[in-house]
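Enquirer: Dropping a structure here in structure tokens format, bear with me for questions.
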Amino acid sequence: MLKIDNLTKTFEEKVAVNDLTLHIAPGEVYGFIGHNGAGKSTTLKSVAGIQQFDKGEITINGISMKDKPIECKRIMAYIPDNPDLYDFMTGIKYLNFIADIFKVDAATRKERIRKYADLFGLTDDLGQPIGTYSHGMKQKLALISAWLHDPKLIIMDEPFVGLDPVASHQLKGMMKEFCANGGSIFFSTHVLEVAEKLCDKVAIIKQGKLIRSGTMEEVRGDDSLEEVFLELEEEK
């Protein structure tokens, strides 16, 4: 579903991502782990097509992000670490705006909005301006918008930040259901316990370079993911 091959991105003299290669198959929940500044967000923004990269190739469902970015974006959804939504819109207007962009028909959008808004306990707030929402409410709205057009790939940067325990539980269920139906999820997180329980595969990045990847069992061995991560972080 998602192929990142030899991705390299620099900012002036700093190499943010260095020759990164990762392949994510349909049905996989793939976790992306690293300290702040390791290159996670840069990678995710490159995959989402909102940031140019210097070298390498990114393909989504066989489509090149470089050659056909619009086609790639039609079949994916991206949630940044800090959802920057339109504060002047109400929640329902924003969701209808997203549905219009992706050409989701009226009956389907109504059904999906009801389903996910009820799931997150946001239904009663959809008529309010987004500017009045808390960070957690904005995060829930962004998540609903990502699931609204039934993409093949969902990219998320720290999706659990700001969510209450109930919403976090609901999101985990949504992710599992999405991938059970053939979708793929690539997401970064600092919550290693969540990654350990939720992910089929995981990649650890340090100073822009991939230092370990594979199935959860391959990466952690007999240790916990936290122990492996801390050990790798301490290595020079």
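Letters A, B, ... go to the chains of the structure tokens in the order shown; residues in each chain start at 1; ligands are counted from 1 in the same order.
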Quick one: residues within 10 Å of Leu225 in chain A, only C-alpha atoms counted, chain neighbours fewer than 3 positions away excluded, as a PDB file with C-alpha atoms, in the first residue's frame?

Expert:
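The result, written out as part-v7.pdb:
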```pdb
ATOM      1  CA  LEU A 192       5.092   3.018  23.464  1.00  0.00           C
ATOM      2  CA  GLU A 193       2.587   0.893  25.355  1.00  0.00           C
ATOM      3  CA  ALA A 195       2.307   0.919  19.893  1.00  0.00           C
ATOM      4  CA  GLU A 196       3.258  -2.374  21.488  1.00  0.00           C
ATOM      5  CA  LYS A 197      -0.346  -3.508  21.831  1.00  0.00           C
ATOM      6  CA  VAL A 202       7.098  -0.866  14.022  1.00  0.00           C
ATOM      7  CA  MET A 216       6.670  -6.245  16.898  1.00  0.00           C
ATOM      8  CA  GLU A 217       8.147  -9.606  17.891  1.00  0.00           C
ATOM      9  CA  VAL A 219      11.887  -5.582  17.044  1.00  0.00           C
ATOM     10  CA  ARG A 220      11.378  -6.172  20.765  1.00  0.00           C
ATOM     11  CA  GLY A 221      12.511  -9.784  21.101  1.00  0.00           C
ATOM     12  CA  ASP A 222      12.097 -10.860  24.718  1.00  0.00           C
ATOM     13  CA  VAL A 228      14.445  -1.716  23.259  1.00  0.00           C
ATOM     14  CA  PHE A 229      13.792   1.916  22.383  1.00  0.00           C
ATOM     15  CA  LEU A 230      15.730   3.263  25.370  1.00  0.00           C
ATOM     16  CA  GLU A 231      18.629   0.904  24.673  1.00  0.00           C
TER      17      GLU A 231
END
```

Enquirer: Residues near range 172-174 of chain A, anyone? I mean within 10 Å using only C-alpha atoms, not counting same-chain ones fewer than 2 positions away, as a VMD selection string.

Expert: chain A and resid 116 119 143 147 160 167 to 170 176 to 180 194 197 to 198

Enquirer: Figure out the distance between CA of Ile60 in chain A and CA of Glu218 in chain A, please, to one decimal in Å.

Expert: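 Taking CA of Glu218 in chain A as the start and CA of Ile60 in chain A as the end point, the length is 25.2 Å.
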
Enquirer: Tell me which protein, DNA and RNA residues are within 10 Å of Gly121 in chain A, counting only C-alpha atoms, leaving out same-chain ones fewer than 6 positions away, and put them as a short mmCIF file (atom, residue, chain, number, x, y, z; two decimals) with C-alpha atoms, in the first residue's frame.

Expert:
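Just written: result-v2.cif:
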```cif
data_model
loop_
_atom_site.label_atom_id
_atom_site.label_comp_id
_atom_site.auth_asym_id
_atom_site.auth_seq_id
_atom_site.Cartn_x
_atom_site.Cartn_y
_atom_site.Cartn_z
CA MET A 137 -12.44 18.03 20.48
CA LYS A 140 -11.77 14.09 17.39
CA VAL A 166 -12.48 6.78 26.26
CA ALA A 167 -11.66 8.51 22.95
#
```

Enquirer: May I have the residues within 12 Å of Gln128 in chain A as a count of residues only, using only C-alpha atoms and disregarding those fewer than 6 positions away in the same chain?

Expert: 13

Enquirer: Based on the backbone DSSP call, show me all residues of range 22-235 of chain A assigned strand (DSSP E or B), as a count of residues only.

Expert: 45

Enquirer: Would you list, as a ChimeraX atom specification, the residues of range 21-122 of chain A that end up in helix (DSSP H, G or I) under DSSP run on this structure's backbone?

Expert: /A:40-48,69-74,91-101,106-119

Enquirer: Create the file for the chosen residues now, containing N, CA and C atoms and written as a compact mmCIF listing (two decimals), in the first residue's frame.

Expert:
```txt
# COMPACT_ATOMS: atom_id res chain seq x y z
N LYS A 40 10.45 11.97 12.29
CA LYS A 40 9.14 11.33 12.11
C LYS A 40 8.16 12.24 11.36
N SER A 41 7.97 13.45 11.86
CA SER A 41 7.01 14.37 11.24
C SER A 41 7.42 14.73 9.82
N THR A 42 8.71 14.90 9.60
CA THR A 42 9.20 15.19 8.25
C THR A 42 8.84 14.06 7.29
N THR A 43 9.01 12.83 7.75
CA THR A 43 8.66 11.67 6.92
C THR A 43 7.17 11.66 6.62
N LEU A 44 6.35 11.85 7.65
CA LEU A 44 4.90 11.79 7.47
C LEU A 44 4.41 12.90 6.55
N LYS A 45 4.97 14.09 6.68
CA LYS A 45 4.58 15.20 5.80
C LYS A 45 4.98 14.92 4.35
N SER A 46 6.10 14.25 4.16
CA SER A 46 6.52 13.88 2.80
C SER A 46 5.57 12.86 2.21
N VAL A 47 5.18 11.88 3.03
CA VAL A 47 4.23 10.86 2.57
C VAL A 47 2.89 11.50 2.23
N ALA A 48 2.49 12.49 3.02
CA ALA A 48 1.19 13.15 2.81
C ALA A 48 1.21 14.11 1.62
N PRO A 69 0.51 13.57 -7.39
CA PRO A 69 0.18 13.85 -5.99
C PRO A 69 -1.32 13.91 -5.71
N ILE A 70 -2.10 14.45 -6.64
CA ILE A 70 -3.54 14.57 -6.41
C ILE A 70 -4.19 13.19 -6.34
N GLU A 71 -3.77 12.29 -7.22
CA GLU A 71 -4.32 10.93 -7.19
C GLU A 71 -3.98 10.23 -5.88
N CYS A 72 -2.77 10.46 -5.39
CA CYS A 72 -2.37 9.87 -4.10
C CYS A 72 -3.23 10.42 -2.97
N LYS A 73 -3.45 11.73 -2.98
CA LYS A 73 -4.19 12.36 -1.89
C LYS A 73 -5.66 11.97 -1.88
N ARG A 74 -6.19 11.56 -3.03
CA ARG A 74 -7.58 11.12 -3.09
C ARG A 74 -7.82 9.85 -2.29
N GLY A 91 -18.47 22.56 13.39
CA GLY A 91 -17.97 21.21 13.16
C GLY A 91 -18.64 20.53 11.99
N ILE A 92 -19.97 20.65 11.88
CA ILE A 92 -20.69 19.98 10.80
C ILE A 92 -20.37 20.59 9.45
N LYS A 93 -20.17 21.91 9.40
CA LYS A 93 -19.80 22.54 8.13
C LYS A 93 -18.42 22.08 7.68
N TYR A 94 -17.53 21.92 8.64
CA TYR A 94 -16.19 21.43 8.29
C TYR A 94 -16.25 20.02 7.72
N LEU A 95 -17.01 19.15 8.36
CA LEU A 95 -17.11 17.77 7.88
C LEU A 95 -17.78 17.71 6.50
N ASN A 96 -18.77 18.54 6.28
CA ASN A 96 -19.39 18.58 4.96
C ASN A 96 -18.44 19.16 3.91
N PHE A 97 -17.62 20.11 4.33
CA PHE A 97 -16.59 20.66 3.44
C PHE A 97 -15.62 19.57 2.99
N ILE A 98 -15.15 18.77 3.94
CA ILE A 98 -14.25 17.66 3.61
C ILE A 98 -14.96 16.64 2.72
N ALA A 99 -16.20 16.34 3.04
CA ALA A 99 -16.97 15.38 2.24
C ALA A 99 -17.16 15.90 0.81
N ASP A 100 -17.36 17.20 0.66
CA ASP A 100 -17.49 17.79 -0.69
C ASP A 100 -16.19 17.62 -1.48
N ILE A 101 -15.06 17.87 -0.83
CA ILE A 101 -13.76 17.76 -1.50
C ILE A 101 -13.56 16.36 -2.04
N ALA A 106 -24.40 12.32 -0.21
CA ALA A 106 -25.13 12.83 0.95
C ALA A 106 -25.49 11.73 1.95
N ALA A 107 -25.97 10.61 1.46
CA ALA A 107 -26.40 9.54 2.36
C ALA A 107 -25.21 8.93 3.09
N THR A 108 -24.12 8.72 2.37
CA THR A 108 -22.93 8.11 2.97
C THR A 108 -22.31 9.03 4.01
N ARG A 109 -22.19 10.32 3.68
CA ARG A 109 -21.58 11.24 4.64
C ARG A 109 -22.43 11.36 5.91
N LYS A 110 -23.75 11.38 5.73
CA LYS A 110 -24.64 11.49 6.89
C LYS A 110 -24.47 10.29 7.82
N GLU A 111 -24.39 9.11 7.22
CA GLU A 111 -24.23 7.89 8.00
C GLU A 111 -22.90 7.86 8.74
N ARG A 112 -21.82 8.23 8.04
CA ARG A 112 -20.49 8.17 8.66
C ARG A 112 -20.31 9.26 9.72
N ILE A 113 -20.82 10.44 9.45
CA ILE A 113 -20.73 11.51 10.45
C ILE A 113 -21.46 11.11 11.72
N ARG A 114 -22.65 10.56 11.56
CA ARG A 114 -23.42 10.14 12.73
C ARG A 114 -22.67 9.04 13.49
N LYS A 115 -22.15 8.08 12.76
CA LYS A 115 -21.45 6.95 13.39
C LYS A 115 -20.27 7.41 14.23
N TYR A 116 -19.39 8.21 13.63
CA TYR A 116 -18.16 8.56 14.32
C TYR A 116 -18.35 9.69 15.32
N ALA A 117 -19.26 10.62 15.05
CA ALA A 117 -19.54 11.68 16.03
C ALA A 117 -20.17 11.08 17.28
N ASP A 118 -21.07 10.12 17.11
CA ASP A 118 -21.65 9.43 18.27
C ASP A 118 -20.57 8.66 19.03
N LEU A 119 -19.68 8.02 18.29
CA LEU A 119 -18.62 7.22 18.90
C LEU A 119 -17.73 8.08 19.79
```

Enquirer: Using only C-alpha atoms, find each residue in range 170-218 of chain A having at least one atom no more than 6 Å away from range 14-38 of chain A; report its shortest atom-to-atom pair and that distance in Å (one decimal), rows by chain then rising number, as a tab-separated table.

Expert:
```
residue	atom	partner	partner_atom	distance
A:Cys179	CA	A:Gly27	CA	4.3
A:Ala180	CA	A:Gly27	CA	5.8
A:Gly182	CA	A:Gly27	CA	4.5
A:Gly183	CA	A:Gly27	CA	5.1
A:Ser184	CA	A:Gly27	CA	5.1
A:Ile185	CA	A:Val29	CA	4.9
A:Phe186	CA	A:Tyr30	CA	4.9
A:Phe187	CA	A:Gly31	CA	5.3
A:Ser188	CA	A:Phe32	CA	4.4
A:Cys199	CA	A:Val29	CA	5.0
A:Asp200	CA	A:Val29	CA	5.4
A:Lys201	CA	A:Tyr30	CA	4.9
A:Val202	CA	A:Gly31	CA	4.5
A:Ala203	CA	A:Phe32	CA	5.1
A:Ile204	CA	A:Ile33	CA	4.8
A:Ile205	CA	A:Gly34	CA	5.1
A:Lys206	CA	A:Ala38	CA	5.1
A:Gln207	CA	A:Ala38	CA	4.7
A:Gly208	CA	A:Val17	CA	4.0
A:Lys209	CA	A:Asn18	CA	5.2
```
